[in-house]
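A.B. asks: Supplied structure: target.tsv, TSV, C-alpha atoms.
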```
chain	number	residue	atom	x	y	z
A	1	MET	CA	167.35	106.55	56.77
A	2	SER	CA	169.79	109.38	56.16
A	3	GLY	CA	169.45	112.51	54.05
A	4	THR	CA	170.39	116.13	53.53
A	5	ALA	CA	167.06	117.85	54.24
A	6	SER	CA	167.16	120.60	56.84
A	7	LYS	CA	166.24	119.44	60.32
A	8	PRO	CA	163.07	120.88	61.82
A	9	SER	CA	162.94	123.14	64.83
A	10	ASP	CA	161.78	121.73	68.16
A	11	PRO	CA	158.68	123.55	69.44
A	12	ILE	CA	157.35	122.36	72.77
A	13	ASP	CA	154.29	120.66	71.25
A	14	ALA	CA	156.15	119.04	68.35
A	15	VAL	CA	155.41	115.39	67.67
A	16	VAL	CA	157.95	112.97	69.15
A	17	TYR	CA	158.38	109.50	67.70
A	18	ASN	CA	160.49	106.88	69.45
A	19	PRO	CA	159.92	103.46	67.84
A	20	TYR	CA	161.22	101.79	71.02
A	21	SER	CA	158.62	103.44	73.27
A	22	PHE	CA	156.22	100.95	74.81
A	23	ALA	CA	153.48	103.59	74.77
A	24	VAL	CA	153.87	103.97	71.00
A	25	HIS	CA	153.71	100.19	70.57
A	26	ASP	CA	150.53	100.00	72.64
A	27	ASP	CA	148.74	102.67	70.56
A	28	PRO	CA	150.81	103.94	67.61
A	29	TYR	CA	148.01	105.36	65.48
A	30	VAL	CA	147.72	108.79	67.09
A	31	THR	CA	151.48	109.26	66.66
A	32	TYR	CA	151.37	107.99	63.08
A	33	LYS	CA	148.60	110.47	62.21
A	34	ARG	CA	150.55	113.35	63.73
A	35	LEU	CA	153.63	112.32	61.77
A	36	ARG	CA	151.66	112.30	58.51
A	37	ASP	CA	149.95	115.62	59.28
A	38	GLU	CA	152.75	117.56	60.98
A	39	ALA	CA	156.09	115.98	60.10
A	40	PRO	CA	155.90	113.74	57.01
A	41	ALA	CA	159.71	113.79	56.89
A	42	TYR	CA	160.41	113.51	60.61
A	43	TRP	CA	163.83	113.89	62.21
A	44	ASN	CA	164.61	112.40	65.64
A	45	ASP	CA	167.61	114.29	66.96
A	46	GLU	CA	168.14	112.05	70.00
A	47	LEU	CA	168.34	108.77	68.07
A	48	ASP	CA	169.63	110.31	64.83
A	49	PHE	CA	167.17	109.02	62.24
A	50	TRP	CA	164.60	110.17	59.69
A	51	VAL	CA	161.09	108.78	59.23
A	52	LEU	CA	158.80	108.97	56.20
A	53	SER	CA	155.14	108.46	57.09
A	54	ARG	CA	153.03	109.29	54.02
A	55	PHE	CA	152.26	106.44	51.66
A	56	ALA	CA	153.56	108.07	48.49
A	57	ASP	CA	156.85	109.00	50.17
A	58	VAL	CA	157.28	105.53	51.67
A	59	LEU	CA	156.57	103.91	48.30
A	60	GLU	CA	159.10	106.15	46.56
A	61	GLY	CA	161.67	105.37	49.24
A	62	PHE	CA	161.00	101.66	48.83
A	63	ARG	CA	161.58	101.88	45.08
A	64	ASP	CA	164.65	104.14	45.29
A	65	TYR	CA	166.98	101.60	46.89
A	66	GLU	CA	170.08	103.50	45.84
A	67	THR	CA	169.14	106.46	48.05
A	68	PHE	CA	167.29	104.51	50.74
A	69	SER	CA	169.46	101.43	51.05
A	70	SER	CA	168.62	98.39	53.17
A	71	THR	CA	172.23	97.20	53.20
A	72	GLY	CA	173.68	97.18	56.69
A	73	GLY	CA	170.39	96.58	58.45
A	74	VAL	CA	166.84	97.89	58.60
A	75	ALA	CA	166.72	98.49	62.38
A	76	LEU	CA	168.33	101.45	64.12
A	77	GLU	CA	170.52	99.27	66.31
A	78	GLN	CA	171.96	97.60	63.20
A	79	ARG	CA	172.98	100.74	61.34
A	80	GLY	CA	176.31	100.45	59.60
A	81	HIS	CA	177.02	96.97	60.96
A	82	VAL	CA	177.02	94.45	58.11
A	83	ASN	CA	176.69	91.02	59.74
A	84	SER	CA	179.04	88.50	58.18
A	85	ASP	CA	177.60	85.59	60.20
A	86	PHE	CA	174.20	85.68	58.51
A	87	GLN	CA	172.64	87.69	55.69
A	88	GLN	CA	168.90	88.30	55.62
A	89	MET	CA	167.00	88.98	52.41
A	90	ILE	CA	165.42	92.11	53.91
A	91	GLU	CA	168.93	93.55	54.39
A	92	LYS	CA	169.88	93.30	50.72
A	93	ASP	CA	169.35	95.68	47.80
A	94	PRO	CA	168.88	94.65	44.16
A	95	PRO	CA	170.37	92.84	42.37
A	96	ASP	CA	171.36	90.67	45.37
A	97	HIS	CA	167.87	90.90	46.88
A	98	THR	CA	166.29	89.96	43.55
A	99	ALA	CA	168.48	86.88	43.16
A	100	PHE	CA	167.86	85.81	46.78
A	101	ARG	CA	164.09	86.25	46.41
A	102	LYS	CA	164.02	84.33	43.13
A	103	LEU	CA	165.62	81.33	44.83
A	104	VAL	CA	163.32	81.39	47.85
A	105	SER	CA	160.17	81.87	45.74
A	106	ARG	CA	160.89	78.61	43.89
A	107	VAL	CA	160.18	76.57	47.02
A	108	PHE	CA	158.20	78.87	49.35
A	109	THR	CA	154.91	78.83	47.45
A	110	GLY	CA	151.20	78.99	48.19
A	111	ARG	CA	150.87	75.49	46.77
A	112	ARG	CA	153.36	74.20	49.33
A	113	VAL	CA	151.42	75.76	52.21
A	114	ALA	CA	148.14	74.39	50.79
A	115	ARG	CA	149.61	70.88	50.86
A	116	MET	CA	150.24	71.36	54.58
A	117	GLU	CA	146.63	72.26	55.40
A	118	ASP	CA	146.01	69.06	57.37
A	119	GLU	CA	149.19	69.54	59.41
A	120	ILE	CA	148.33	73.19	60.12
A	121	ARG	CA	144.83	72.18	61.23
A	122	ARG	CA	146.34	69.53	63.50
A	123	ILE	CA	148.59	72.13	65.14
A	124	VAL	CA	145.80	74.63	65.84
A	125	ASN	CA	143.45	71.86	67.03
A	126	HIS	CA	146.13	70.80	69.52
A	127	TYR	CA	146.05	74.25	71.12
A	128	ILE	CA	142.25	74.52	70.99
A	129	ASP	CA	141.86	71.09	72.61
A	130	ALA	CA	144.23	72.12	75.40
A	131	VAL	CA	142.15	75.25	76.05
A	132	ILE	CA	138.92	73.22	76.13
A	133	GLU	CA	140.49	70.82	78.61
A	134	GLN	CA	141.66	73.57	80.97
A	135	GLY	CA	138.38	75.47	80.69
A	136	SER	CA	139.81	78.94	80.13
A	137	CYS	CA	142.60	80.65	78.26
A	138	ASP	CA	144.66	83.69	77.53
A	139	LEU	CA	144.12	83.88	73.78
A	140	VAL	CA	147.62	85.19	73.02
A	141	ASP	CA	149.56	82.98	75.44
A	142	ASP	CA	147.62	79.80	74.71
A	143	ILE	CA	146.79	79.99	70.99
A	144	THR	CA	147.73	82.97	68.82
A	145	GLY	CA	151.24	83.29	70.30
A	146	PRO	CA	152.59	79.76	69.84
A	147	PHE	CA	150.50	78.75	66.80
A	148	PRO	CA	152.21	80.87	64.07
A	149	MET	CA	155.72	79.84	65.16
A	150	ASP	CA	154.72	76.17	65.14
A	151	VAL	CA	153.34	76.53	61.61
A	152	ILE	CA	156.54	78.24	60.45
A	153	SER	CA	158.58	75.48	62.10
A	154	ALA	CA	156.50	72.82	60.36
A	155	ILE	CA	157.06	74.48	56.98
A	156	LEU	CA	160.79	74.75	57.62
A	157	GLY	CA	160.94	71.11	58.71
A	158	ILE	CA	161.85	71.68	62.37
A	159	PRO	CA	161.24	68.57	64.51
A	160	GLU	CA	158.41	68.98	67.03
A	161	SER	CA	160.81	68.22	69.89
A	162	ASP	CA	162.85	71.34	69.01
A	163	ARG	CA	160.02	73.82	68.45
A	164	LEU	CA	159.42	75.03	72.01
A	165	ASP	CA	163.06	75.99	72.61
A	166	LEU	CA	163.19	77.63	69.19
A	167	ARG	CA	160.07	79.67	69.93
A	168	LEU	CA	161.41	80.76	73.32
A	169	ASN	CA	164.62	81.99	71.69
A	170	ALA	CA	162.64	83.79	68.97
A	171	ASP	CA	160.58	85.53	71.66
A	172	LYS	CA	163.77	86.59	73.45
A	173	VAL	CA	165.08	88.27	70.29
A	174	LEU	CA	162.19	90.74	70.49
A	175	ILE	CA	162.88	91.84	74.07
A	176	ARG	CA	163.61	95.55	74.41
A	177	ASN	CA	163.75	98.09	77.23
A	178	ASP	CA	161.26	100.96	77.10
A	179	GLY	CA	162.54	103.74	74.87
A	180	GLU	CA	166.08	102.36	74.62
A	181	LEU	CA	168.01	101.66	71.43
A	182	ALA	CA	170.49	99.26	73.04
A	183	ILE	CA	169.85	95.54	72.64
A	184	PRO	CA	169.40	93.94	76.09
A	185	PRO	CA	171.37	90.78	76.98
A	186	GLU	CA	168.26	88.58	76.78
A	187	ALA	CA	167.73	89.52	73.13
A	188	GLY	CA	171.34	88.70	72.33
A	189	GLU	CA	170.98	85.34	74.05
A	190	GLY	CA	167.92	84.59	71.96
A	191	MET	CA	169.70	85.44	68.70
A	192	PHE	CA	172.73	83.34	69.62
A	193	GLY	CA	170.37	80.51	70.53
A	194	LEU	CA	168.71	80.64	67.11
A	195	LEU	CA	172.01	80.91	65.27
A	196	GLY	CA	173.51	78.05	67.27
A	197	TYR	CA	170.57	75.81	66.47
A	198	PHE	CA	170.63	76.43	62.74
A	199	ILE	CA	174.43	76.26	62.50
A	200	GLU	CA	174.12	72.71	63.85
A	201	ASP	CA	171.04	72.02	61.71
A	202	LEU	CA	172.42	72.96	58.27
A	203	PRO	CA	174.88	70.01	57.97
A	204	LYS	CA	171.97	67.65	58.67
A	205	ARG	CA	170.04	69.29	55.83
A	206	LYS	CA	172.96	68.98	53.45
A	207	ALA	CA	173.25	65.31	54.34
A	208	GLY	CA	169.55	64.78	53.57
A	209	ARG	CA	168.73	63.75	57.14
A	210	ARG	CA	165.80	66.15	57.44
A	211	GLU	CA	162.97	67.28	55.18
A	212	GLY	CA	161.32	70.67	54.79
A	213	LEU	CA	161.76	74.05	53.19
A	214	ILE	CA	165.29	74.58	54.52
A	215	THR	CA	166.43	71.27	53.02
A	216	ASP	CA	164.95	72.23	49.66
A	217	LEU	CA	166.76	75.58	49.77
A	218	VAL	CA	170.09	73.91	50.57
A	219	GLY	CA	170.05	71.97	47.33
A	220	LEU	CA	168.45	74.61	45.11
A	221	GLU	CA	170.21	76.35	42.25
A	222	VAL	CA	168.62	78.93	39.93
A	223	ASP	CA	170.46	80.56	37.02
A	224	GLY	CA	173.71	79.10	38.29
A	225	ARG	CA	173.30	80.57	41.77
A	226	SER	CA	172.68	78.85	45.09
A	227	LEU	CA	172.34	80.24	48.60
A	228	SER	CA	175.46	80.57	50.74
A	229	ASP	CA	175.50	79.25	54.31
A	230	GLU	CA	175.29	82.86	55.53
A	231	GLU	CA	172.17	83.48	53.42
A	232	LEU	CA	170.60	80.22	54.61
A	233	LEU	CA	171.19	81.25	58.22
A	234	GLY	CA	169.69	84.66	57.49
A	235	PHE	CA	166.60	83.02	56.03
A	236	CYS	CA	166.22	80.78	59.08
A	237	VAL	CA	166.53	83.49	61.72
```
If you took the structure in this file and wrote it as structure tokens, what would it be?

C.D. replies:
Amino acid sequence: MSGTASKPSDPIDAVVYNPYSFAVHDDPYVTYKRLRDEAPAYWNDELDFWVLSRFADVLEGFRDYETFSSTGGVALEQRGHVNSDFQQMIEKDPPDHTAFRKLVSRVFTGRRVARMEDEIRRIVNHYIDAVIEQGSCDLVDDITGPFPMDVISAILGIPESDRLDLRLNADKVLIRNDGELAIPPEAGEGMFGLLGYFIEDLPKRKAGRREGLITDLVGLEVDGRSLSDEELLGFCV
């Protein structure tokens, strides 16, 4: 977020917010409260960004997309770099975002997920049965970590044989070093792994060789508009 408001002074006890700090991730709520109480329009001089923390301000910023644009990325490390290889819906402003969302909402519905209830139950039962068999578990590592990604993969129509590698790459994308803005090599490898998979996958979808949400999006057209390959890749990753 950029703006023209005057930057605050830096008293010794001033609140400091670094969204890449592991300590903030572990317990962000004290920092969030201080931001709301002490610096509702917070400026980080080191990383060169503004933060809004009060609900009314955030809502106004969300609605005023001309001033607070999402184009060019919504993460600090993406600022000013429009990615031509893939275009995510979250990185678009209206009217492009509206058109993109209208297309996706035609096929990504609650009714579709409801039809997959048996498959979703099968997936979670698989992980629960494995925990019962081994007699103990780490709840995140053994159930709540892999389960959501497997459900997403099932909805997208990803073959079960591909899901583990896909999940490992998705986990890599989130790797960061404590307090650092720079993207570490492991995260880049994960993103390239995801992109490489879906670049190879899209032609199979267009040829009708796989089912699932991605395949439905490939052939969808609303109001004379369909999704480009770059938008499809952005949706997938």

A.B. asks: Quick one: residues within 9 Å of Val16 of chain A, all atoms listed in the file, excluding same-chain residues fewer than 4 positions away - as number ranges by chain?

C.D. replies: A: 31, 35, 42, 44

A.B. asks: Convert the current residue selection to file output with C-alpha atoms, as a PDB file, in the frame of the given file.

C.D. replies:
```
ATOM      1  CA  THR A  31     151.480 109.260  66.660  1.00  0.00           C
ATOM      2  CA  LEU A  35     153.630 112.320  61.770  1.00  0.00           C
ATOM      3  CA  TYR A  42     160.410 113.510  60.610  1.00  0.00           C
ATOM      4  CA  ASN A  44     164.610 112.400  65.640  1.00  0.00           C
TER       5      ASN A  44
END
```

A.B. asks: Report, in Å with one decimal, the straight-line distance from atom CA of Pro95 of chain A to atom CA of Glu60 of chain A.

C.D. replies: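 One can read the atom CA of Pro95 of chain A to atom CA of Glu60 of chain A distance as 17.9 Å.
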
A.B. asks: Counting only C-alpha atoms, find residues at most 12 Å from (169.1, 83.3, 75.7) (file frame) and give them as a list of chain:residue names.

C.D. replies: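 Residues found, by chain and rising number: A:Asp165, A:Leu166, A:Arg167, A:Leu168, A:Asn169, A:Ala170, A:Asp171, A:Lys172, A:Val173, A:Leu174, A:Ile175, A:Pro184, A:Pro185, A:Glu186, A:Ala187, A:Gly188, A:Glu189, A:Gly190, A:Met191, A:Phe192, A:Gly193, A:Leu194, A:Leu195, A:Gly196, A:Tyr197.
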
A.B. asks: With distances taken over all atoms listed in the file, which of A:Asn177, A:Ser153, A:Asn18, A:Ser136 is nearest to Leu76 of chain A?

C.D. replies: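 Of all the options, A:Asn18 lies closest to Leu76 of chain A.
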
A.B. asks: Tell me which protein, DNA and RNA residues are within 9 Å of Glu91 of chain A, counting only C-alpha atoms, leaving out same-chain ones fewer than 6 positions away, and put them as number ranges by chain.

C.D. replies: A: 69-74, 82, 97

A.B. asks: Go ahead and compute the interatomic distance for atom CA of Val24 of chain A and atom CA of Gly61 of chain A, in Å to one decimal.

C.D. replies: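 Separating atom CA of Val24 of chain A from atom CA of Gly61 of chain A is a distance of 23.2 Å.
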
A.B. asks: Go through A:Ala182, A:Met89, A:Val151, A:Ala75 one by one, measure the shortest atom-to-atom distance of each to Asp118 of chain A using all atoms listed in the file, and give the residue with the smallest value.

C.D. replies: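 Selected residue with least distance to Asp118 of chain A: A:Val151.
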
A.B. asks: Please measure the separation of atom CA of Ala114 of chain A and atom CA of Leu139 of chain A, giving the value in Å to one decimal.

C.D. replies: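 Straight-line distance from atom CA of Ala114 of chain A to atom CA of Leu139 of chain A works out to 25.2 Å.
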
A.B. asks: For Gly219 of chain A, please output as number ranges by chain all residues within 12 Å (counting all atoms listed in the file; exclusion window: fewer than 6 positions along the same chain).

C.D. replies: A: 103-104, 106-107, 202-203, 205-208, 211-213, 225-229, 232

A.B. asks: Ranking A:Thr144, A:Ala56, A:Leu47, A:Leu164 by minimum distance to Tyr127 of chain A and counting only C-alpha atoms, which one comes first?

C.D. replies: A:Thr144

A.B. asks: From the set A:Ile155, A:Phe62, A:Phe68, A:Asp129, which residue has the shortest atom-to-atom contact distance to Ile143 of chain A, counting all atoms listed in the file?

C.D. replies: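 Checking each candidate against Ile143 of chain A, we get A:Asp129 as the closest.
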
A.B. asks: For a quick check of understanding, using all atoms listed in the file, which of A:Ser21, A:Arg101, A:Phe49, A:Arg122 has the smallest distance to Gln88 of chain A?

C.D. replies: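 Using all atoms listed in the file, the shortest distance to Gln88 of chain A belongs to A:Arg101.
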
A.B. asks: Need the shell around Phe86 of chain A: protein/DNA/RNA residues with any atom at most 7 Å away, counting all atoms listed in the file. Skip same-chain ones fewer than 5 positions apart. Format as a list in words?

C.D. replies: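 Once the adjacent positions are removed, what remains is Glu230, Glu231, Leu233 and Gly234 of chain A.
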
A.B. asks: Counting only C-alpha atoms, figure out which residue out of A:Ile183, A:Gly157, A:Asp178, A:Arg209 gets nearest to Cys236 of chain A.

C.D. replies: A:Gly157
